[in-house]
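Everything below belongs to final-v7.txt, which stores compact mmCIF, N, CA and C atoms.
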```
# COMPACT_ATOMS: atom_id res chain seq x y z
N MET A 1 46.88 217.03 22.72
CA MET A 1 46.01 215.91 22.99
C MET A 1 46.65 215.04 24.08
N GLU A 2 45.87 214.72 25.09
CA GLU A 2 46.35 213.95 26.23
C GLU A 2 46.43 212.47 25.88
N LYS A 3 47.56 211.85 26.20
CA LYS A 3 47.74 210.43 25.94
C LYS A 3 47.02 209.60 26.99
N LYS A 4 46.25 208.61 26.55
CA LYS A 4 45.52 207.75 27.47
C LYS A 4 46.42 206.60 27.89
N ILE A 5 46.45 206.36 29.19
CA ILE A 5 47.29 205.29 29.75
C ILE A 5 46.37 204.16 30.18
N THR A 6 46.79 202.95 29.92
CA THR A 6 46.03 201.77 30.30
C THR A 6 46.76 201.03 31.41
N CYS A 7 46.02 200.57 32.38
CA CYS A 7 46.57 199.76 33.47
C CYS A 7 46.94 198.39 32.89
N VAL A 8 48.18 197.97 33.08
CA VAL A 8 48.62 196.71 32.50
C VAL A 8 48.05 195.50 33.24
N LEU A 9 47.53 195.69 34.45
CA LEU A 9 46.96 194.56 35.19
C LEU A 9 45.51 194.31 34.80
N CYS A 10 44.68 195.36 34.86
CA CYS A 10 43.24 195.16 34.60
C CYS A 10 42.82 195.54 33.19
N GLY A 11 43.65 196.29 32.47
CA GLY A 11 43.33 196.66 31.10
C GLY A 11 42.41 197.85 30.94
N ARG A 12 41.98 198.45 32.06
CA ARG A 12 41.11 199.63 31.99
C ARG A 12 41.96 200.89 31.81
N GLN A 13 41.33 201.92 31.25
CA GLN A 13 42.00 203.21 31.13
C GLN A 13 42.26 203.77 32.52
N ILE A 14 43.40 204.41 32.69
CA ILE A 14 43.75 205.05 33.96
C ILE A 14 43.26 206.47 33.93
N GLY A 15 42.68 206.92 35.04
CA GLY A 15 42.15 208.27 35.15
C GLY A 15 43.22 209.25 35.61
N LYS A 16 42.91 210.01 36.66
CA LYS A 16 43.81 211.06 37.14
C LYS A 16 45.03 210.51 37.87
N ALA A 17 44.87 209.37 38.55
CA ALA A 17 45.97 208.83 39.36
C ALA A 17 46.56 207.59 38.70
N VAL A 18 47.87 207.61 38.56
CA VAL A 18 48.59 206.45 38.04
C VAL A 18 49.75 206.16 38.98
N GLU A 19 50.00 204.90 39.24
CA GLU A 19 51.14 204.51 40.06
C GLU A 19 52.01 203.58 39.23
N MET A 20 53.31 203.74 39.37
CA MET A 20 54.25 202.90 38.65
C MET A 20 54.69 201.75 39.56
N HIS A 21 54.47 200.54 39.08
CA HIS A 21 54.80 199.33 39.83
C HIS A 21 56.10 198.75 39.30
N HIS A 22 57.03 198.47 40.20
CA HIS A 22 58.27 197.78 39.83
C HIS A 22 57.94 196.29 39.70
N LEU A 23 58.13 195.74 38.51
CA LEU A 23 57.85 194.31 38.32
C LEU A 23 58.70 193.47 39.27
N ILE A 24 59.95 193.82 39.39
CA ILE A 24 60.82 193.27 40.44
C ILE A 24 61.05 194.44 41.39
N PRO A 25 60.69 194.29 42.66
CA PRO A 25 60.82 195.42 43.60
C PRO A 25 62.24 196.01 43.61
N LYS A 26 62.30 197.32 43.82
CA LYS A 26 63.59 198.01 43.90
C LYS A 26 64.50 197.36 44.93
N SER A 27 63.93 196.92 46.03
CA SER A 27 64.72 196.29 47.09
C SER A 27 65.37 194.98 46.63
N GLU A 28 64.84 194.41 45.54
CA GLU A 28 65.36 193.17 44.99
C GLU A 28 66.14 193.42 43.70
N GLY A 29 66.44 194.71 43.43
CA GLY A 29 67.25 195.07 42.27
C GLY A 29 66.48 195.43 41.01
N GLY A 30 65.17 195.54 41.11
CA GLY A 30 64.35 195.83 39.94
C GLY A 30 64.41 197.27 39.50
N ARG A 31 64.23 197.47 38.20
CA ARG A 31 64.23 198.83 37.64
C ARG A 31 63.04 199.08 36.72
N VAL A 32 62.52 198.04 36.10
CA VAL A 32 61.43 198.17 35.12
C VAL A 32 60.12 198.44 35.85
N THR A 33 59.38 199.48 35.38
CA THR A 33 58.10 199.81 35.97
C THR A 33 56.99 199.75 34.92
N VAL A 34 55.78 199.53 35.41
CA VAL A 34 54.59 199.50 34.55
C VAL A 34 53.48 200.31 35.23
N PRO A 35 52.58 200.92 34.45
CA PRO A 35 51.52 201.74 35.04
C PRO A 35 50.36 200.88 35.56
N LEU A 36 49.91 201.21 36.78
CA LEU A 36 48.76 200.55 37.39
C LEU A 36 47.84 201.60 38.01
N HIS A 37 46.56 201.25 38.13
CA HIS A 37 45.65 202.05 38.96
C HIS A 37 46.12 201.93 40.41
N PRO A 38 45.88 202.92 41.23
CA PRO A 38 46.22 202.78 42.65
C PRO A 38 45.57 201.55 43.29
N ILE A 39 44.31 201.25 42.95
CA ILE A 39 43.63 200.10 43.54
C ILE A 39 44.30 198.79 43.11
N CYS A 40 44.74 198.71 41.87
CA CYS A 40 45.42 197.51 41.37
C CYS A 40 46.79 197.36 42.05
N HIS A 41 47.49 198.46 42.20
CA HIS A 41 48.80 198.43 42.84
C HIS A 41 48.67 197.97 44.30
N ARG A 42 47.67 198.49 44.99
CA ARG A 42 47.45 198.09 46.40
C ARG A 42 47.12 196.61 46.51
N LYS A 43 46.32 196.11 45.56
CA LYS A 43 45.95 194.70 45.58
C LYS A 43 47.18 193.80 45.42
N VAL A 44 48.04 194.13 44.49
CA VAL A 44 49.25 193.34 44.27
C VAL A 44 50.08 193.29 45.55
N HIS A 45 50.28 194.45 46.19
CA HIS A 45 51.12 194.49 47.39
C HIS A 45 50.41 193.95 48.63
N ALA A 46 49.09 193.88 48.60
CA ALA A 46 48.36 193.26 49.71
C ALA A 46 48.49 191.74 49.65
N LEU A 47 48.67 191.21 48.45
CA LEU A 47 48.75 189.75 48.28
C LEU A 47 50.16 189.19 48.41
N PHE A 48 51.16 189.95 47.98
CA PHE A 48 52.51 189.40 47.88
C PHE A 48 53.54 190.32 48.52
N ASN A 49 54.52 189.71 49.18
CA ASN A 49 55.64 190.50 49.70
C ASN A 49 56.68 190.68 48.59
N GLU A 50 57.69 191.46 48.86
CA GLU A 50 58.67 191.79 47.82
C GLU A 50 59.44 190.58 47.33
N LYS A 51 59.77 189.66 48.21
CA LYS A 51 60.50 188.45 47.79
C LYS A 51 59.62 187.58 46.88
N GLU A 52 58.34 187.46 47.23
CA GLU A 52 57.41 186.68 46.39
C GLU A 52 57.27 187.33 45.01
N LEU A 53 57.14 188.66 44.99
CA LEU A 53 57.03 189.36 43.72
C LEU A 53 58.26 189.12 42.85
N ALA A 54 59.43 189.23 43.44
CA ALA A 54 60.67 189.05 42.68
C ALA A 54 60.83 187.62 42.17
N LYS A 55 60.51 186.66 43.01
CA LYS A 55 60.76 185.25 42.67
C LYS A 55 59.68 184.63 41.78
N HIS A 56 58.41 184.95 42.04
CA HIS A 56 57.33 184.25 41.36
C HIS A 56 56.43 185.12 40.48
N TYR A 57 56.38 186.43 40.74
CA TYR A 57 55.39 187.29 40.08
C TYR A 57 56.01 188.53 39.45
N ALA A 58 57.12 188.34 38.75
CA ALA A 58 57.85 189.46 38.17
C ALA A 58 57.37 189.84 36.77
N THR A 59 56.26 189.24 36.34
CA THR A 59 55.66 189.61 35.06
C THR A 59 54.16 189.82 35.26
N ILE A 60 53.57 190.57 34.37
CA ILE A 60 52.12 190.79 34.44
C ILE A 60 51.41 189.46 34.20
N GLU A 61 51.92 188.64 33.31
CA GLU A 61 51.31 187.34 33.05
C GLU A 61 51.29 186.48 34.31
N ALA A 62 52.37 186.48 35.06
CA ALA A 62 52.42 185.70 36.30
C ALA A 62 51.41 186.23 37.32
N LEU A 63 51.30 187.54 37.43
CA LEU A 63 50.31 188.13 38.34
C LEU A 63 48.90 187.75 37.91
N ARG A 64 48.62 187.84 36.61
CA ARG A 64 47.29 187.53 36.10
C ARG A 64 46.94 186.05 36.23
N SER A 65 47.93 185.20 36.42
CA SER A 65 47.67 183.76 36.55
C SER A 65 47.12 183.40 37.93
N VAL A 66 47.19 184.32 38.87
CA VAL A 66 46.71 184.08 40.24
C VAL A 66 45.19 184.24 40.29
N GLU A 67 44.51 183.24 40.81
CA GLU A 67 43.03 183.25 40.84
C GLU A 67 42.48 184.50 41.53
N GLU A 68 43.06 184.91 42.64
CA GLU A 68 42.55 186.09 43.35
C GLU A 68 42.70 187.36 42.50
N ILE A 69 43.76 187.46 41.73
CA ILE A 69 43.93 188.60 40.82
C ILE A 69 42.89 188.52 39.70
N ARG A 70 42.66 187.34 39.15
CA ARG A 70 41.65 187.20 38.09
C ARG A 70 40.27 187.61 38.59
N ARG A 71 39.91 187.18 39.80
CA ARG A 71 38.61 187.57 40.36
C ARG A 71 38.55 189.08 40.58
N PHE A 72 39.64 189.66 41.07
CA PHE A 72 39.72 191.10 41.32
C PHE A 72 39.53 191.88 40.01
N VAL A 73 40.24 191.47 38.96
CA VAL A 73 40.13 192.14 37.66
C VAL A 73 38.71 192.03 37.11
N ALA A 74 38.09 190.87 37.27
CA ALA A 74 36.71 190.69 36.81
C ALA A 74 35.77 191.60 37.59
N TRP A 75 36.00 191.74 38.88
CA TRP A 75 35.18 192.62 39.73
C TRP A 75 35.33 194.08 39.30
N LEU A 76 36.53 194.47 38.89
CA LEU A 76 36.78 195.86 38.47
C LEU A 76 36.18 196.20 37.12
N ARG A 77 35.96 195.19 36.28
CA ARG A 77 35.47 195.43 34.93
C ARG A 77 34.22 196.31 34.97
N GLY A 78 34.22 197.36 34.18
CA GLY A 78 33.07 198.25 34.12
C GLY A 78 33.11 199.39 35.12
N LYS A 79 34.04 199.36 36.05
CA LYS A 79 34.15 200.46 37.03
C LYS A 79 34.87 201.63 36.36
N PRO A 80 34.59 202.86 36.80
CA PRO A 80 35.23 204.03 36.19
C PRO A 80 36.74 204.05 36.45
N PRO A 81 37.49 204.77 35.61
CA PRO A 81 38.95 204.80 35.74
C PRO A 81 39.47 205.21 37.12
N ASP A 82 38.78 206.13 37.79
CA ASP A 82 39.27 206.60 39.09
C ASP A 82 38.60 205.88 40.27
N PHE A 83 37.92 204.76 40.01
CA PHE A 83 37.29 204.01 41.09
C PHE A 83 38.34 203.56 42.10
N TYR A 84 38.01 203.71 43.38
CA TYR A 84 38.94 203.27 44.43
C TYR A 84 38.15 202.78 45.63
N ARG A 85 38.60 201.71 46.21
CA ARG A 85 38.07 201.20 47.46
C ARG A 85 39.26 200.65 48.22
N ARG A 86 39.26 200.85 49.51
CA ARG A 86 40.36 200.37 50.34
C ARG A 86 40.56 198.87 50.12
N THR A 87 41.81 198.47 49.96
CA THR A 87 42.15 197.07 49.76
C THR A 87 42.46 196.44 51.11
N GLU A 88 41.78 195.35 51.40
CA GLU A 88 42.03 194.64 52.67
C GLU A 88 43.34 193.88 52.58
N PRO A 89 44.06 193.78 53.69
CA PRO A 89 45.29 193.00 53.68
C PRO A 89 45.00 191.53 53.46
N LYS A 90 46.01 190.80 53.03
CA LYS A 90 45.89 189.36 52.84
C LYS A 90 45.39 188.74 54.14
N GLY A 91 44.36 187.96 54.07
CA GLY A 91 43.81 187.34 55.28
C GLY A 91 42.61 188.07 55.83
N GLY A 92 42.23 189.21 55.25
CA GLY A 92 41.02 189.91 55.69
C GLY A 92 41.25 191.00 56.68
N ARG A 93 40.14 191.53 57.21
CA ARG A 93 40.17 192.71 58.08
C ARG A 93 40.86 192.48 59.41
N GLY A 94 40.65 191.32 60.00
CA GLY A 94 41.15 191.10 61.35
C GLY A 94 42.60 190.68 61.45
N ARG A 95 43.30 190.70 60.35
CA ARG A 95 44.69 190.24 60.34
C ARG A 95 45.56 191.15 61.21
N LYS A 96 46.35 190.51 62.07
CA LYS A 96 47.31 191.27 62.89
C LYS A 96 48.69 191.10 62.29
N ARG A 97 49.45 192.15 62.35
CA ARG A 97 50.80 192.10 61.77
C ARG A 97 51.84 192.14 62.84
```
Output the file's structure as structure tokens, nothing else.
Amino acid sequence: MEKKITCVLCGRQIGKAVEMHHLIPKSEGGRVTVPLHPICHRKVHALFNEKELAKHYATIEALRSVEEIRRFVAWLRGKPPDFYRRTEPKGGRGRKR
């Protein structure tokens, strides 16, 4: 029997693709990982850089406290486990890096 994995960010069941997110990025010394949908993982990294993640958002509760994450999770509610849409970078489509 296949074990069902739940995304710790949005709470939906994970389908075929699962990505492990370092709560504190490896570059900042982190080792603990949690399962996320690819779309959820992309959203987290589109919003925050590694230093921000390590300093302010090293827990799922801290990530969920961000209004943009709450809106994102609400938008995902009801979507199938393997739903994916390209995540825009922070600042929208026209952002130059």
Please enclose the listed atoms of region 42-58 of chain A in an axis-aligned box, pad each side by 4 Å, and write out the centre and the three edge lengths in Å, rounded to one decimal, as lines of an AutoDock Vina configuration file.
```
center_x = 53.4
center_y = 191.4
center_z = 43.2
size_x = 22.9
size_y = 22.2
size_z = 20.9
```
request  = May I have the residues within 8 Å of Thr6 (chain A) as JSON, numbers by chain, using only N, CA and C atoms and disregarding those fewer than 2 positions away in the same chain?
outcome  = {"A": [3, 4, 8, 9, 10, 11, 12, 13, 14, 15, 34, 35, 36, 37]}
Which residues come within 12 Å of region 53-62 of chain A, counting only C-alpha atoms, excluding same-chain residues fewer than 5 positions away, as a PDB file with N, CA and C atoms, in the coordinates of the input?
```pdb
ATOM      1  N   CYS A   7      46.020 200.570  32.380  1.00  0.00           N
ATOM      2  CA  CYS A   7      46.570 199.760  33.470  1.00  0.00           C
ATOM      3  C   CYS A   7      46.940 198.390  32.890  1.00  0.00           C
ATOM      4  N   VAL A   8      48.180 197.970  33.080  1.00  0.00           N
ATOM      5  CA  VAL A   8      48.620 196.710  32.500  1.00  0.00           C
ATOM      6  C   VAL A   8      48.050 195.500  33.240  1.00  0.00           C
ATOM      7  N   LEU A   9      47.530 195.690  34.450  1.00  0.00           N
ATOM      8  CA  LEU A   9      46.960 194.560  35.190  1.00  0.00           C
ATOM      9  C   LEU A   9      45.510 194.310  34.800  1.00  0.00           C
ATOM     10  N   CYS A  10      44.680 195.360  34.860  1.00  0.00           N
ATOM     11  CA  CYS A  10      43.240 195.160  34.600  1.00  0.00           C
ATOM     12  C   CYS A  10      42.820 195.540  33.190  1.00  0.00           C
ATOM     13  N   GLY A  11      43.650 196.290  32.470  1.00  0.00           N
ATOM     14  CA  GLY A  11      43.330 196.660  31.100  1.00  0.00           C
ATOM     15  C   GLY A  11      42.410 197.850  30.940  1.00  0.00           C
ATOM     16  N   HIS A  21      54.470 200.540  39.080  1.00  0.00           N
ATOM     17  CA  HIS A  21      54.800 199.330  39.830  1.00  0.00           C
ATOM     18  C   HIS A  21      56.100 198.750  39.300  1.00  0.00           C
ATOM     19  N   HIS A  22      57.030 198.470  40.200  1.00  0.00           N
ATOM     20  CA  HIS A  22      58.270 197.780  39.830  1.00  0.00           C
ATOM     21  C   HIS A  22      57.940 196.290  39.700  1.00  0.00           C
ATOM     22  N   LEU A  23      58.130 195.740  38.510  1.00  0.00           N
ATOM     23  CA  LEU A  23      57.850 194.310  38.320  1.00  0.00           C
ATOM     24  C   LEU A  23      58.700 193.470  39.270  1.00  0.00           C
ATOM     25  N   ILE A  24      59.950 193.820  39.390  1.00  0.00           N
ATOM     26  CA  ILE A  24      60.820 193.270  40.440  1.00  0.00           C
ATOM     27  C   ILE A  24      61.050 194.440  41.390  1.00  0.00           C
ATOM     28  N   PRO A  25      60.690 194.290  42.660  1.00  0.00           N
ATOM     29  CA  PRO A  25      60.820 195.420  43.600  1.00  0.00           C
ATOM     30  C   PRO A  25      62.240 196.010  43.610  1.00  0.00           C
ATOM     31  N   LYS A  26      62.300 197.320  43.820  1.00  0.00           N
ATOM     32  CA  LYS A  26      63.590 198.010  43.900  1.00  0.00           C
ATOM     33  C   LYS A  26      64.500 197.360  44.930  1.00  0.00           C
ATOM     34  N   SER A  27      63.930 196.920  46.030  1.00  0.00           N
ATOM     35  CA  SER A  27      64.720 196.290  47.090  1.00  0.00           C
ATOM     36  C   SER A  27      65.370 194.980  46.630  1.00  0.00           C
ATOM     37  N   GLU A  28      64.840 194.410  45.540  1.00  0.00           N
ATOM     38  CA  GLU A  28      65.360 193.170  44.990  1.00  0.00           C
ATOM     39  C   GLU A  28      66.140 193.420  43.700  1.00  0.00           C
ATOM     40  N   GLY A  29      66.440 194.710  43.430  1.00  0.00           N
ATOM     41  CA  GLY A  29      67.250 195.070  42.270  1.00  0.00           C
ATOM     42  C   GLY A  29      66.480 195.430  41.010  1.00  0.00           C
ATOM     43  N   GLY A  30      65.170 195.540  41.110  1.00  0.00           N
ATOM     44  CA  GLY A  30      64.350 195.830  39.940  1.00  0.00           C
ATOM     45  C   GLY A  30      64.410 197.270  39.500  1.00  0.00           C
ATOM     46  N   ARG A  31      64.230 197.470  38.200  1.00  0.00           N
ATOM     47  CA  ARG A  31      64.230 198.830  37.640  1.00  0.00           C
ATOM     48  C   ARG A  31      63.040 199.080  36.720  1.00  0.00           C
ATOM     49  N   VAL A  32      62.520 198.040  36.100  1.00  0.00           N
ATOM     50  CA  VAL A  32      61.430 198.170  35.120  1.00  0.00           C
ATOM     51  C   VAL A  32      60.120 198.440  35.850  1.00  0.00           C
ATOM     52  N   THR A  33      59.380 199.480  35.380  1.00  0.00           N
ATOM     53  CA  THR A  33      58.100 199.810  35.970  1.00  0.00           C
ATOM     54  C   THR A  33      56.990 199.750  34.920  1.00  0.00           C
ATOM     55  N   VAL A  34      55.780 199.530  35.410  1.00  0.00           N
ATOM     56  CA  VAL A  34      54.590 199.500  34.550  1.00  0.00           C
ATOM     57  C   VAL A  34      53.480 200.310  35.230  1.00  0.00           C
ATOM     58  N   PRO A  35      52.580 200.920  34.450  1.00  0.00           N
ATOM     59  CA  PRO A  35      51.520 201.740  35.040  1.00  0.00           C
ATOM     60  C   PRO A  35      50.360 200.880  35.560  1.00  0.00           C
ATOM     61  N   LEU A  36      49.910 201.210  36.780  1.00  0.00           N
ATOM     62  CA  LEU A  36      48.760 200.550  37.390  1.00  0.00           C
ATOM     63  C   LEU A  36      47.840 201.600  38.010  1.00  0.00           C
ATOM     64  N   CYS A  40      44.740 198.710  41.870  1.00  0.00           N
ATOM     65  CA  CYS A  40      45.420 197.510  41.370  1.00  0.00           C
ATOM     66  C   CYS A  40      46.790 197.360  42.050  1.00  0.00           C
ATOM     67  N   HIS A  41      47.490 198.460  42.200  1.00  0.00           N
ATOM     68  CA  HIS A  41      48.800 198.430  42.840  1.00  0.00           C
ATOM     69  C   HIS A  41      48.670 197.970  44.300  1.00  0.00           C
ATOM     70  N   VAL A  44      48.040 194.130  44.490  1.00  0.00           N
ATOM     71  CA  VAL A  44      49.250 193.340  44.270  1.00  0.00           C
ATOM     72  C   VAL A  44      50.080 193.290  45.550  1.00  0.00           C
ATOM     73  N   HIS A  45      50.280 194.450  46.190  1.00  0.00           N
ATOM     74  CA  HIS A  45      51.120 194.490  47.390  1.00  0.00           C
ATOM     75  C   HIS A  45      50.410 193.950  48.630  1.00  0.00           C
ATOM     76  N   ALA A  46      49.090 193.880  48.600  1.00  0.00           N
ATOM     77  CA  ALA A  46      48.360 193.260  49.710  1.00  0.00           C
ATOM     78  C   ALA A  46      48.490 191.740  49.650  1.00  0.00           C
ATOM     79  N   LEU A  47      48.670 191.210  48.450  1.00  0.00           N
ATOM     80  CA  LEU A  47      48.750 189.750  48.280  1.00  0.00           C
ATOM     81  C   LEU A  47      50.160 189.190  48.410  1.00  0.00           C
ATOM     82  N   PHE A  48      51.160 189.950  47.980  1.00  0.00           N
ATOM     83  CA  PHE A  48      52.510 189.400  47.880  1.00  0.00           C
ATOM     84  C   PHE A  48      53.540 190.320  48.520  1.00  0.00           C
ATOM     85  N   GLU A  67      44.510 183.240  40.810  1.00  0.00           N
ATOM     86  CA  GLU A  67      43.030 183.250  40.840  1.00  0.00           C
ATOM     87  C   GLU A  67      42.480 184.500  41.530  1.00  0.00           C
ATOM     88  N   ILE A  69      43.760 187.460  41.730  1.00  0.00           N
ATOM     89  CA  ILE A  69      43.930 188.600  40.820  1.00  0.00           C
ATOM     90  C   ILE A  69      42.890 188.520  39.700  1.00  0.00           C
ATOM     91  N   ARG A  70      42.660 187.340  39.150  1.00  0.00           N
ATOM     92  CA  ARG A  70      41.650 187.200  38.090  1.00  0.00           C
ATOM     93  C   ARG A  70      40.270 187.610  38.590  1.00  0.00           C
TER      94      ARG A  70
END
```
ask   = atom N of Lys79 (chain A) and atom N of Pro38 (chain A) are how many Å apart?
value =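 Pair atom N of Lys79 (chain A) / atom N of Pro38 (chain A) returns 13.4 Å.
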request  = In Å, rounded to a single decimal, give me how far CA of Phe72 (chain A) is from atom C of Ala17 (chain A).
outcome  =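 Separating atom C of Ala17 (chain A) from CA of Phe72 (chain A) is a distance of 18.0 Å.
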message = Quick check for you: according to DSSP on this backbone, which residues of region 9-91 of chain A are classed as strand (DSSP E)? Reply as an MDAnalysis selection string.
response = chainID A and resid 19:22 33:36
Serialized selection, N, CA and C atoms, as a PDB file, keeping the file's coordinate frame:
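Just written: out_2.pdb:
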```pdb
ATOM      1  N   GLU A  19      50.000 204.900  39.240  1.00  0.00           N
ATOM      2  CA  GLU A  19      51.140 204.510  40.060  1.00  0.00           C
ATOM      3  C   GLU A  19      52.010 203.580  39.230  1.00  0.00           C
ATOM      4  N   MET A  20      53.310 203.740  39.370  1.00  0.00           N
ATOM      5  CA  MET A  20      54.250 202.900  38.650  1.00  0.00           C
ATOM      6  C   MET A  20      54.690 201.750  39.560  1.00  0.00           C
ATOM      7  N   HIS A  21      54.470 200.540  39.080  1.00  0.00           N
ATOM      8  CA  HIS A  21      54.800 199.330  39.830  1.00  0.00           C
ATOM      9  C   HIS A  21      56.100 198.750  39.300  1.00  0.00           C
ATOM     10  N   HIS A  22      57.030 198.470  40.200  1.00  0.00           N
ATOM     11  CA  HIS A  22      58.270 197.780  39.830  1.00  0.00           C
ATOM     12  C   HIS A  22      57.940 196.290  39.700  1.00  0.00           C
ATOM     13  N   THR A  33      59.380 199.480  35.380  1.00  0.00           N
ATOM     14  CA  THR A  33      58.100 199.810  35.970  1.00  0.00           C
ATOM     15  C   THR A  33      56.990 199.750  34.920  1.00  0.00           C
ATOM     16  N   VAL A  34      55.780 199.530  35.410  1.00  0.00           N
ATOM     17  CA  VAL A  34      54.590 199.500  34.550  1.00  0.00           C
ATOM     18  C   VAL A  34      53.480 200.310  35.230  1.00  0.00           C
ATOM     19  N   PRO A  35      52.580 200.920  34.450  1.00  0.00           N
ATOM     20  CA  PRO A  35      51.520 201.740  35.040  1.00  0.00           C
ATOM     21  C   PRO A  35      50.360 200.880  35.560  1.00  0.00           C
ATOM     22  N   LEU A  36      49.910 201.210  36.780  1.00  0.00           N
ATOM     23  CA  LEU A  36      48.760 200.550  37.390  1.00  0.00           C
ATOM     24  C   LEU A  36      47.840 201.600  38.010  1.00  0.00           C
TER      25      LEU A  36
END
```
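Note that atom C of Val73 (chain A) and atom C of Lys16 (chain A) are 19.5 Å apart.
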